[in-house]
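Dropping entry.cif in here (mmCIF, C-alpha atoms):
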data_run
loop_
_atom_site.label_atom_id
_atom_site.label_comp_id
_atom_site.auth_asym_id
_atom_site.auth_seq_id
_atom_site.Cartn_x
_atom_site.Cartn_y
_atom_site.Cartn_z
CA MET K 1034 0.00 0.00 0.00
CA MET K 1035 2.78 2.41 0.96
CA GLU K 1036 4.65 1.52 -2.23
CA LEU K 1037 1.54 2.36 -4.27
CA LEU K 1038 1.20 5.70 -2.42
CA TRP K 1039 4.79 6.65 -3.25
CA LEU K 1040 4.15 5.81 -6.88
CA LEU K 1041 1.03 8.00 -6.98
CA LEU K 1042 2.64 11.09 -5.41
CA PRO K 1043 4.56 12.08 -8.58
CA VAL K 1044 1.40 11.53 -10.62
CA ALA K 1045 -0.59 13.80 -8.26
CA ALA K 1046 2.12 16.46 -8.40
CA ALA K 1047 2.20 16.31 -12.18
CA SER K 1048 -1.59 16.52 -12.31
CA GLY K 1049 -1.58 19.56 -10.04
CA TRP K 1050 1.07 21.24 -12.19
CA TRP K 1051 -0.95 20.51 -15.33
CA VAL K 1052 -4.20 21.86 -13.82
CA GLY K 1053 -2.36 24.97 -12.60
CA ARG K 1054 -0.91 25.55 -16.04
CA ARG K 1055 -4.36 25.16 -17.62
CA GLU K 1056 -5.88 27.68 -15.17
CA GLN K 1057 -3.01 30.12 -15.70
CA ALA K 1058 -3.34 29.74 -19.46
CA GLY K 1059 -7.09 30.27 -19.15
CA ARG K 1060 -6.55 33.45 -17.15
CA GLN K 1061 -3.97 34.66 -19.65
CA ASN K 1062 -6.29 33.89 -22.55
CA GLY K 1063 -9.13 35.70 -20.78
CA ALA K 1064 -6.93 38.73 -20.12
CA THR K 1065 -5.75 38.69 -23.74
CA ALA K 1066 -9.36 38.59 -24.95
CA ARG K 1067 -10.32 41.47 -22.65
CA ASN K 1068 -7.35 43.50 -23.85
CA ALA K 1069 -8.31 42.84 -27.46
CA ASP K 1070 -11.89 43.95 -26.78
CA TYR K 1071 -10.67 47.06 -24.97
CA PHE K 1072 -8.48 48.14 -27.87
CA LYS K 1073 -11.29 47.31 -30.27
CA GLY K 1074 -13.56 49.63 -28.30
CA LEU K 1075 -10.93 52.37 -28.28
CA ASN K 1076 -10.53 51.98 -32.02
CA TYR K 1077 -14.26 52.51 -32.49
CA LEU K 1078 -13.98 55.68 -30.42
CA ILE K 1079 -11.12 56.97 -32.56
CA GLU K 1080 -13.18 56.25 -35.67
CA ASP K 1081 -16.11 58.14 -34.08
CA LYS K 1082 -18.33 55.06 -33.92
CA PRO K 1083 -19.85 55.38 -30.42
CA ASP K 1084 -22.59 52.81 -30.98
CA GLN K 1085 -20.10 50.05 -31.76
CA ALA K 1086 -17.88 51.17 -28.88
CA ILE K 1087 -20.83 51.00 -26.47
CA GLU K 1088 -21.61 47.47 -27.63
CA VAL K 1089 -18.02 46.33 -26.94
CA PHE K 1090 -17.70 48.03 -23.55
CA THR K 1091 -21.15 46.85 -22.42
CA ARG K 1092 -20.12 43.27 -23.16
CA MET K 1093 -16.87 43.77 -21.26
CA ALA K 1094 -18.67 45.36 -18.28
CA ASP K 1095 -21.08 42.39 -18.10
CA VAL K 1096 -18.15 39.95 -18.03
CA ASP K 1097 -15.91 41.88 -15.63
CA GLN K 1098 -17.86 43.85 -13.03
CA ASN K 1099 -14.71 44.86 -11.14
CA THR K 1100 -13.01 46.93 -13.85
CA ALA K 1101 -13.60 50.58 -12.98
CA GLU K 1102 -11.98 51.87 -16.17
CA ILE K 1103 -14.48 50.07 -18.40
CA HIS K 1104 -17.45 51.45 -16.45
CA LEU K 1105 -16.04 54.99 -16.57
CA THR K 1106 -15.63 54.74 -20.34
CA LEU K 1107 -19.06 53.21 -20.83
CA GLY K 1108 -20.73 55.91 -18.76
CA ASN K 1109 -18.96 58.62 -20.75
CA LEU K 1110 -20.15 57.07 -24.00
CA PHE K 1111 -23.76 57.04 -22.82
CA ARG K 1112 -23.46 60.69 -21.82
CA ARG K 1113 -22.01 61.59 -25.22
CA ARG K 1114 -24.94 59.86 -26.89
CA GLY K 1115 -27.43 61.77 -24.74
CA GLU K 1116 -28.44 58.82 -22.57
CA VAL K 1117 -27.72 60.72 -19.37
CA ASP K 1118 -29.87 58.52 -17.12
CA ARG K 1119 -27.81 55.47 -18.02
CA ALA K 1120 -24.57 57.39 -17.52
CA ILE K 1121 -25.76 58.51 -14.07
CA HIS K 1122 -26.68 54.93 -13.16
CA ILE K 1123 -23.28 53.55 -14.21
CA HIS K 1124 -21.17 56.26 -12.56
CA GLY K 1125 -23.37 56.28 -9.45
CA SER K 1126 -23.09 52.49 -9.08
CA LEU K 1127 -19.34 52.73 -9.55
CA MET K 1128 -19.01 55.37 -6.82
CA ALA K 1129 -20.87 53.11 -4.39
CA ARG K 1130 -18.20 50.42 -4.59
CA PRO K 1131 -16.15 50.17 -1.38
CA THR K 1132 -13.14 48.71 -3.20
CA LEU K 1133 -12.33 51.81 -5.31
CA THR K 1134 -9.04 53.59 -4.83
CA VAL K 1135 -9.08 57.29 -3.92
CA GLU K 1136 -8.21 58.23 -7.51
CA GLN K 1137 -10.87 55.95 -9.00
CA ARG K 1138 -13.51 57.38 -6.69
CA SER K 1139 -12.47 60.93 -7.60
CA ARG K 1140 -12.76 60.15 -11.30
CA ALA K 1141 -16.15 58.51 -10.83
CA MET K 1142 -17.29 61.57 -8.85
CA LEU K 1143 -16.06 63.89 -11.59
CA GLU K 1144 -17.90 61.95 -14.29
CA LEU K 1145 -21.08 61.76 -12.22
CA GLY K 1146 -20.87 65.52 -11.75
CA GLU K 1147 -20.61 65.93 -15.52
CA ASP K 1148 -23.67 63.69 -15.90
CA TYR K 1149 -25.68 65.82 -13.48
CA LEU K 1150 -24.51 68.94 -15.26
CA ARG K 1151 -25.69 67.58 -18.62
CA ALA K 1152 -29.03 66.66 -17.05
CA GLY K 1153 -29.46 70.17 -15.60
CA LEU K 1154 -29.33 68.88 -12.00
CA PHE K 1155 -27.15 71.76 -10.87
CA ASP K 1156 -27.59 71.28 -7.11
CA ARG K 1157 -26.32 67.67 -7.27
CA ALA K 1158 -23.49 68.61 -9.62
CA GLU K 1159 -22.47 71.50 -7.36
CA ALA K 1160 -22.25 69.22 -4.31
CA LEU K 1161 -19.91 66.82 -6.13
CA PHE K 1162 -17.69 69.53 -7.61
CA ARG K 1163 -17.38 71.23 -4.23
CA GLU K 1164 -16.14 67.94 -2.78
CA LEU K 1165 -13.65 67.62 -5.64
CA LEU K 1166 -12.13 71.01 -4.76
CA GLU K 1167 -10.20 69.15 -2.06
CA GLN K 1168 -8.58 66.87 -4.66
CA PRO K 1169 -5.53 68.70 -6.14
CA ASP K 1170 -5.67 66.77 -9.43
CA HIS K 1171 -9.26 67.88 -10.03
CA THR K 1172 -9.40 71.33 -8.41
CA GLU K 1173 -9.15 73.35 -11.62
CA ILE K 1174 -11.83 71.47 -13.54
CA ALA K 1175 -14.10 71.49 -10.47
CA LEU K 1176 -13.71 75.27 -10.21
CA SER K 1177 -14.49 75.76 -13.90
CA ARG K 1178 -17.62 73.63 -13.61
CA LEU K 1179 -18.77 75.50 -10.50
CA ILE K 1180 -18.30 78.81 -12.31
CA TYR K 1181 -20.49 77.51 -15.13
CA ILE K 1182 -23.17 76.47 -12.62
CA PHE K 1183 -23.13 79.88 -10.92
CA GLN K 1184 -23.47 81.57 -14.31
CA GLN K 1185 -26.53 79.48 -15.12
CA GLU K 1186 -28.01 80.29 -11.73
CA LYS K 1187 -27.05 83.98 -12.07
CA ASP K 1188 -25.13 83.83 -8.80
CA TRP K 1189 -22.63 86.45 -9.94
CA LEU K 1190 -20.91 86.96 -6.56
CA GLN K 1191 -20.07 83.26 -6.33
CA ALA K 1192 -18.98 83.24 -9.97
CA ILE K 1193 -16.59 86.15 -9.31
CA ALA K 1194 -15.15 84.53 -6.19
CA TYR K 1195 -14.51 81.21 -7.91
CA CYS K 1196 -13.05 82.92 -10.99
CA ASP K 1197 -10.58 84.70 -8.73
CA ARG K 1198 -9.67 81.39 -7.12
CA LEU K 1199 -9.24 79.68 -10.48
CA GLU K 1200 -7.05 82.53 -11.71
CA GLN K 1201 -4.79 82.15 -8.67
CA ILE K 1202 -4.45 78.40 -9.17
CA GLY K 1203 -4.31 78.13 -12.95
CA GLY K 1204 -2.66 81.43 -13.81
CA GLU K 1205 -5.09 82.16 -16.65
CA SER K 1206 -6.66 85.61 -16.44
CA LYS K 1207 -10.38 85.71 -15.71
CA ARG K 1208 -10.56 89.52 -15.55
CA ARG K 1209 -12.74 89.85 -18.64
CA GLU K 1210 -15.26 87.35 -17.31
CA THR K 1211 -15.40 88.85 -13.83
CA ALA K 1212 -15.80 92.36 -15.28
CA HIS K 1213 -18.95 91.20 -17.08
CA PHE K 1214 -20.21 89.54 -13.89
CA CYS K 1215 -19.79 92.92 -12.15
CA CYS K 1216 -21.85 94.49 -14.94
CA GLU K 1217 -24.57 91.91 -14.35
CA LEU K 1218 -24.62 92.83 -10.66
CA ALA K 1219 -24.83 96.51 -11.58
CA GLU K 1220 -27.82 95.92 -13.87
CA GLU K 1221 -29.59 93.92 -11.17
CA SER K 1222 -29.12 96.62 -8.53
CA SER K 1223 -31.86 99.15 -7.92
CA GLN K 1224 -29.50 101.46 -6.01
CA GLU K 1225 -27.54 103.85 -8.19
CA THR K 1226 -24.54 104.07 -5.84
CA ILE K 1227 -24.14 100.28 -5.63
CA ALA K 1228 -24.55 99.93 -9.39
CA ARG K 1229 -21.92 102.60 -10.03
CA ASN K 1230 -19.47 100.95 -7.64
CA ARG K 1231 -19.96 97.61 -9.40
CA LEU K 1232 -19.23 99.22 -12.76
CA LEU K 1233 -16.09 100.89 -11.41
CA GLU K 1234 -15.03 97.49 -10.09
CA ALA K 1235 -15.61 96.05 -13.56
CA LEU K 1236 -13.28 98.67 -15.07
CA ALA K 1237 -10.70 98.01 -12.36
CA ARG K 1238 -10.75 94.34 -13.32
CA ASP K 1239 -10.79 94.98 -17.07
CA PRO K 1240 -10.01 98.55 -18.21
CA GLN K 1241 -11.19 97.59 -21.71
CA CYS K 1242 -14.69 96.62 -20.58
CA ALA K 1243 -16.82 98.71 -22.95
CA ARG K 1244 -20.02 97.39 -21.41
CA ALA K 1245 -19.11 98.97 -18.05
CA ASN K 1246 -18.61 102.42 -19.60
CA LEU K 1247 -21.81 102.08 -21.60
CA LEU K 1248 -23.75 101.40 -18.40
CA LEU K 1249 -21.90 104.20 -16.58
CA GLY K 1250 -22.93 106.59 -19.34
CA ARG K 1251 -26.57 105.58 -19.01
CA LEU K 1252 -26.41 105.99 -15.22
CA ALA K 1253 -24.93 109.46 -15.61
CA MET K 1254 -27.63 110.43 -18.10
CA ARG K 1255 -30.38 109.39 -15.69
CA ALA K 1256 -28.70 111.46 -12.98
CA GLY K 1257 -28.51 114.47 -15.30
CA ASP K 1258 -24.70 114.49 -15.34
CA HIS K 1259 -24.27 114.88 -19.10
CA GLU K 1260 -20.55 115.64 -18.98
CA ALA K 1261 -19.83 112.38 -17.15
CA ALA K 1262 -22.09 110.55 -19.60
CA ILE K 1263 -20.20 112.03 -22.58
CA ALA K 1264 -16.87 110.93 -21.06
CA ALA K 1265 -18.16 107.39 -20.52
CA PHE K 1266 -19.65 107.10 -24.02
CA GLN K 1267 -16.45 108.42 -25.62
CA ALA K 1268 -14.51 105.79 -23.67
CA VAL K 1269 -16.81 103.13 -25.14
CA GLU K 1270 -15.92 104.31 -28.64
CA ARG K 1271 -12.20 103.99 -27.87
CA GLN K 1272 -12.57 100.58 -26.25
CA ASP K 1273 -14.75 98.81 -28.80
CA ARG K 1274 -16.02 100.35 -32.03
CA GLY K 1275 -18.60 97.60 -32.23
CA TYR K 1276 -20.55 99.46 -29.55
CA PHE K 1277 -20.42 102.76 -31.47
CA PRO K 1278 -23.98 102.51 -32.90
CA GLU K 1279 -25.29 102.20 -29.33
CA VAL K 1280 -23.67 105.45 -28.16
CA ILE K 1281 -24.43 107.75 -31.13
CA ALA K 1282 -27.97 108.65 -30.02
CA PRO K 1283 -27.19 109.12 -26.29
CA LEU K 1284 -24.08 111.18 -27.15
CA SER K 1285 -26.22 113.45 -29.32
CA GLN K 1286 -28.71 113.88 -26.48
CA CYS K 1287 -25.96 114.69 -24.01
CA TYR K 1288 -24.38 117.31 -26.31
CA SER K 1289 -27.81 118.86 -26.85
#
For the file at hand, write its structure as structure tokens.
Amino acid sequence: MMELLWLLLPVAAASGWWVGRREQAGRQNGATARNADYFKGLNYLIEDKPDQAIEVFTRMADVDQNTAEIHLTLGNLFRRRGEVDRAIHIHGSLMARPTLTVEQRSRAMLELGEDYLRAGLFDRAEALFRELLEQPDHTEIALSRLIYIFQQEKDWLQAIAYCDRLEQIGGESKRRETAHFCCELAEESSQETIARNRLLEALARDPQCARANLLLGRLAMRAGDHEAAIAAFQAVERQDRGYFPEVIAPLSQCYS
């Protein structure tokens, strides 16, 4: 009996090695197939064939539920095609996974925020982008999206504050944009002094803001200060000749 056992041990070892090799080969073949499908999907994207790409990535997502990259790509494709509800479902389900790395969760949060933005759910998008402000790799894009949201909601003070912050971080000037936001605040104000101060702030941010001088000229006209109005309208002409047709009539009235 013992002799038979010693004879069978090498056979068992060889069998185990063979089974292990088969499993490893199977895993390698599966990984190779997934890689081939992934590159096939990417190729469809390059060729601007989103429908075919969605078909490939959907099949991959069904087979491998643990691959975050595939789900991010698939959600983006649905959003591009206008199927925002499906994109929200995919990115939301991905965010709920406890096994995601910090970077994967941040990317899923960013994409879900983009989904909400496309769907017009600004309050949900704002909450996600505010959270992403704490992630250095995503701070700039989160700020830009928040500025867009504040513009849509006509929250000009918030838009100005976040533009200033983005300018400090990214280095790109936002003076022209914030000058126009100041003009919006001036037009909304019912108090002449506040409106005038907002317009002066606009010119301090962007000395070439013709809109600010145009509004200053109109304010001066209403106050009966025709000399100040003439100065403002003449500044408009120097800043942007495209506004010239708008100042001809008021200039004539002021000179009269």
For this session: Starting from the displayed file, determine the output of the PyMOL selection byres ((chain K and resi 1101) around 12) and express the residue list as a ChimeraX atom specification.
Result: /K:1090,1093-1094,1097-1100,1102-1108,1123-1134,1136-1141
Using the chain letters and numbers from this file, what does the PyMOL selection byres ((chain K and resi 1242) around 12) select? Give the answer as a JSON list (two decimals) with C-alpha atoms, keeping the file's coordinate frame.
[["chain", "number", "residue", "atom", "x", "y", "z"],
["K", 1208, "ARG", "CA", -10.56, 89.52, -15.55],
["K", 1209, "ARG", "CA", -12.74, 89.85, -18.64],
["K", 1210, "GLU", "CA", -15.26, 87.35, -17.31],
["K", 1211, "THR", "CA", -15.40, 88.85, -13.83],
["K", 1212, "ALA", "CA", -15.80, 92.36, -15.28],
["K", 1213, "HIS", "CA", -18.95, 91.20, -17.08],
["K", 1214, "PHE", "CA", -20.21, 89.54, -13.89],
["K", 1215, "CYS", "CA", -19.79, 92.92, -12.15],
["K", 1216, "CYS", "CA", -21.85, 94.49, -14.94],
["K", 1232, "LEU", "CA", -19.23, 99.22, -12.76],
["K", 1233, "LEU", "CA", -16.09, 100.89, -11.41],
["K", 1234, "GLU", "CA", -15.03, 97.49, -10.09],
["K", 1235, "ALA", "CA", -15.61, 96.05, -13.56],
["K", 1236, "LEU", "CA", -13.28, 98.67, -15.07],
["K", 1237, "ALA", "CA", -10.70, 98.01, -12.36],
["K", 1238, "ARG", "CA", -10.75, 94.34, -13.32],
["K", 1239, "ASP", "CA", -10.79, 94.98, -17.07],
["K", 1240, "PRO", "CA", -10.01, 98.55, -18.21],
["K", 1241, "GLN", "CA", -11.19, 97.59, -21.71],
["K", 1243, "ALA", "CA", -16.82, 98.71, -22.95],
["K", 1244, "ARG", "CA", -20.02, 97.39, -21.41],
["K", 1245, "ALA", "CA", -19.11, 98.97, -18.05],
["K", 1246, "ASN", "CA", -18.61, 102.42, -19.60],
["K", 1247, "LEU", "CA", -21.81, 102.08, -21.60],
["K", 1248, "LEU", "CA", -23.75, 101.40, -18.40],
["K", 1249, "LEU", "CA", -21.90, 104.20, -16.58],
["K", 1265, "ALA", "CA", -18.16, 107.39, -20.52],
["K", 1268, "ALA", "CA", -14.51, 105.79, -23.67],
["K", 1269, "VAL", "CA", -16.81, 103.13, -25.14],
["K", 1270, "GLU", "CA", -15.92, 104.31, -28.64],
["K", 1271, "ARG", "CA", -12.20, 103.99, -27.87],
["K", 1272, "GLN", "CA", -12.57, 100.58, -26.25],
["K", 1273, "ASP", "CA", -14.75, 98.81, -28.80],
["K", 1276, "TYR", "CA", -20.55, 99.46, -29.55]]
For this session: Using the chain letters and residue numbers of this document, give as a PyMOL selection string the residues selected by the PyMOL selection byres ((chain K and resi 1182) around 10).
Result: chain K and resi 1150+1153-1156+1158-1159+1176-1181+1183-1188+1191-1192
Just need the box for segment 1109-1127 of chain K, edges along x, y and z, holding every atom the file lists for it with 3 Å tacked onto each side, so centre and edge lengths in Å to one decimal, as AutoDock Vina command-line options.
--center_x -24.4 --center_y 57.1 --center_z -18.0 --size_x 16.9 --size_y 15.3 --size_z 23.8
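Atom pair atom CA of Arg1112 of chain K / atom CA of Ile1174 of chain K: separated by 17.9 Å.
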For this session: Would you work out the distance separating atom CA of Gln1224 of chain K from atom CA of Ala1261 of chain K, expressed in Å to one decimal?
Result: 18.4 Å
Problem set entry | Pairwise distance for atom CA of Phe1162 of chain K and atom CA of Tyr1195 of chain K, rounded to one decimal in Å | 12.1 Å
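Take the candidates K:Thr1172, K:Asn1109, K:Gln1286, K:Asn1230 and check each one against Gln1201 of chain K using all atoms listed in the file; the shortest distance goes to K:Thr1172.
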Seminar exercise, completed: Residue with the minimum atom-to-atom distance to Ile1263 of chain K, picked from K:Gly1275, K:Gly1115, K:Pro1283, K:Gly1146 with all atoms listed in the file counted, is K:Pro1283
Problem set entry | Residues within 12 Å of (-30.1, 112.4, -19.2), counting only C-alpha atoms, listed as a PyMOL selection string | chain K and resi 1249-1263+1282-1289
Kindly save the residues from that selection, with C-alpha atoms included, as a compact mmCIF listing (two decimals), in the frame of the given file.
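Output below, filename result_38.txt:
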# COMPACT_ATOMS: atom_id res chain seq x y z
CA LEU K 1249 -21.90 104.20 -16.58
CA GLY K 1250 -22.93 106.59 -19.34
CA ARG K 1251 -26.57 105.58 -19.01
CA LEU K 1252 -26.41 105.99 -15.22
CA ALA K 1253 -24.93 109.46 -15.61
CA MET K 1254 -27.63 110.43 -18.10
CA ARG K 1255 -30.38 109.39 -15.69
CA ALA K 1256 -28.70 111.46 -12.98
CA GLY K 1257 -28.51 114.47 -15.30
CA ASP K 1258 -24.70 114.49 -15.34
CA HIS K 1259 -24.27 114.88 -19.10
CA GLU K 1260 -20.55 115.64 -18.98
CA ALA K 1261 -19.83 112.38 -17.15
CA ALA K 1262 -22.09 110.55 -19.60
CA ILE K 1263 -20.20 112.03 -22.58
CA ALA K 1282 -27.97 108.65 -30.02
CA PRO K 1283 -27.19 109.12 -26.29
CA LEU K 1284 -24.08 111.18 -27.15
CA SER K 1285 -26.22 113.45 -29.32
CA GLN K 1286 -28.71 113.88 -26.48
CA CYS K 1287 -25.96 114.69 -24.01
CA TYR K 1288 -24.38 117.31 -26.31
CA SER K 1289 -27.81 118.86 -26.85
